[in-house]
Amino acid sequence: MEHPRLDEYIDRLAVQPSYQERGRIMRDEMGPWLTEYVPGVAIGSGHSIVGLGAEGRDWPVIAGHMGFTTGST
């Protein structure tokens, strides 16, 4: 994920020599921000059945099913 605010936290943490201060930044600042921000990461799922082959148009579609088929029965 990319976000300017996250970059700021990482930059601050990278140069902070104190273990206790790094923990405080992550616990008191970064953690609450991440909880509110709740980033979503899309992985590229398919939202429909794709039939490959001549018989594809005759196959029943299952509502809500995500996937790909090879055209074999």
# chains A, B, ... in the order shown; residues from 1 in each chain; ligands from 1

call {"tool": "residues_around", "arguments": {"residues": "Met26 in chain A", "least_positions_apart": "5", "cutoff": "9 Å", "atoms": "only C-alpha atoms", "output": "list in words"}}
result
Tyr9, Leu13, Glu21, Gly31 and Pro32 of chain A

call {"tool": "atom_distance", "arguments": {"atom1": "CA of Leu6 in chain A", "atom2": "CA of Glu36 in chain A"}}
result
12.7 Å

call {"tool": "atom_distance", "arguments": {"atom1": "CA of Arg27 in chain A", "atom2": "CA of Glu2 in chain A"}}
result
20.1 Å

call {"tool": "closest_residue", "arguments": {"among": "A:Arg5, A:Arg12, A:Pro17, A:Arg22", "to": "Leu34 in chain A", "atoms": "only C-alpha atoms"}}
result
A:Arg5

call {"tool": "atom_distance", "arguments": {"atom1": "CA of His3 in chain A", "atom2": "CA of Thr35 in chain A"}}
result
14.2 Å
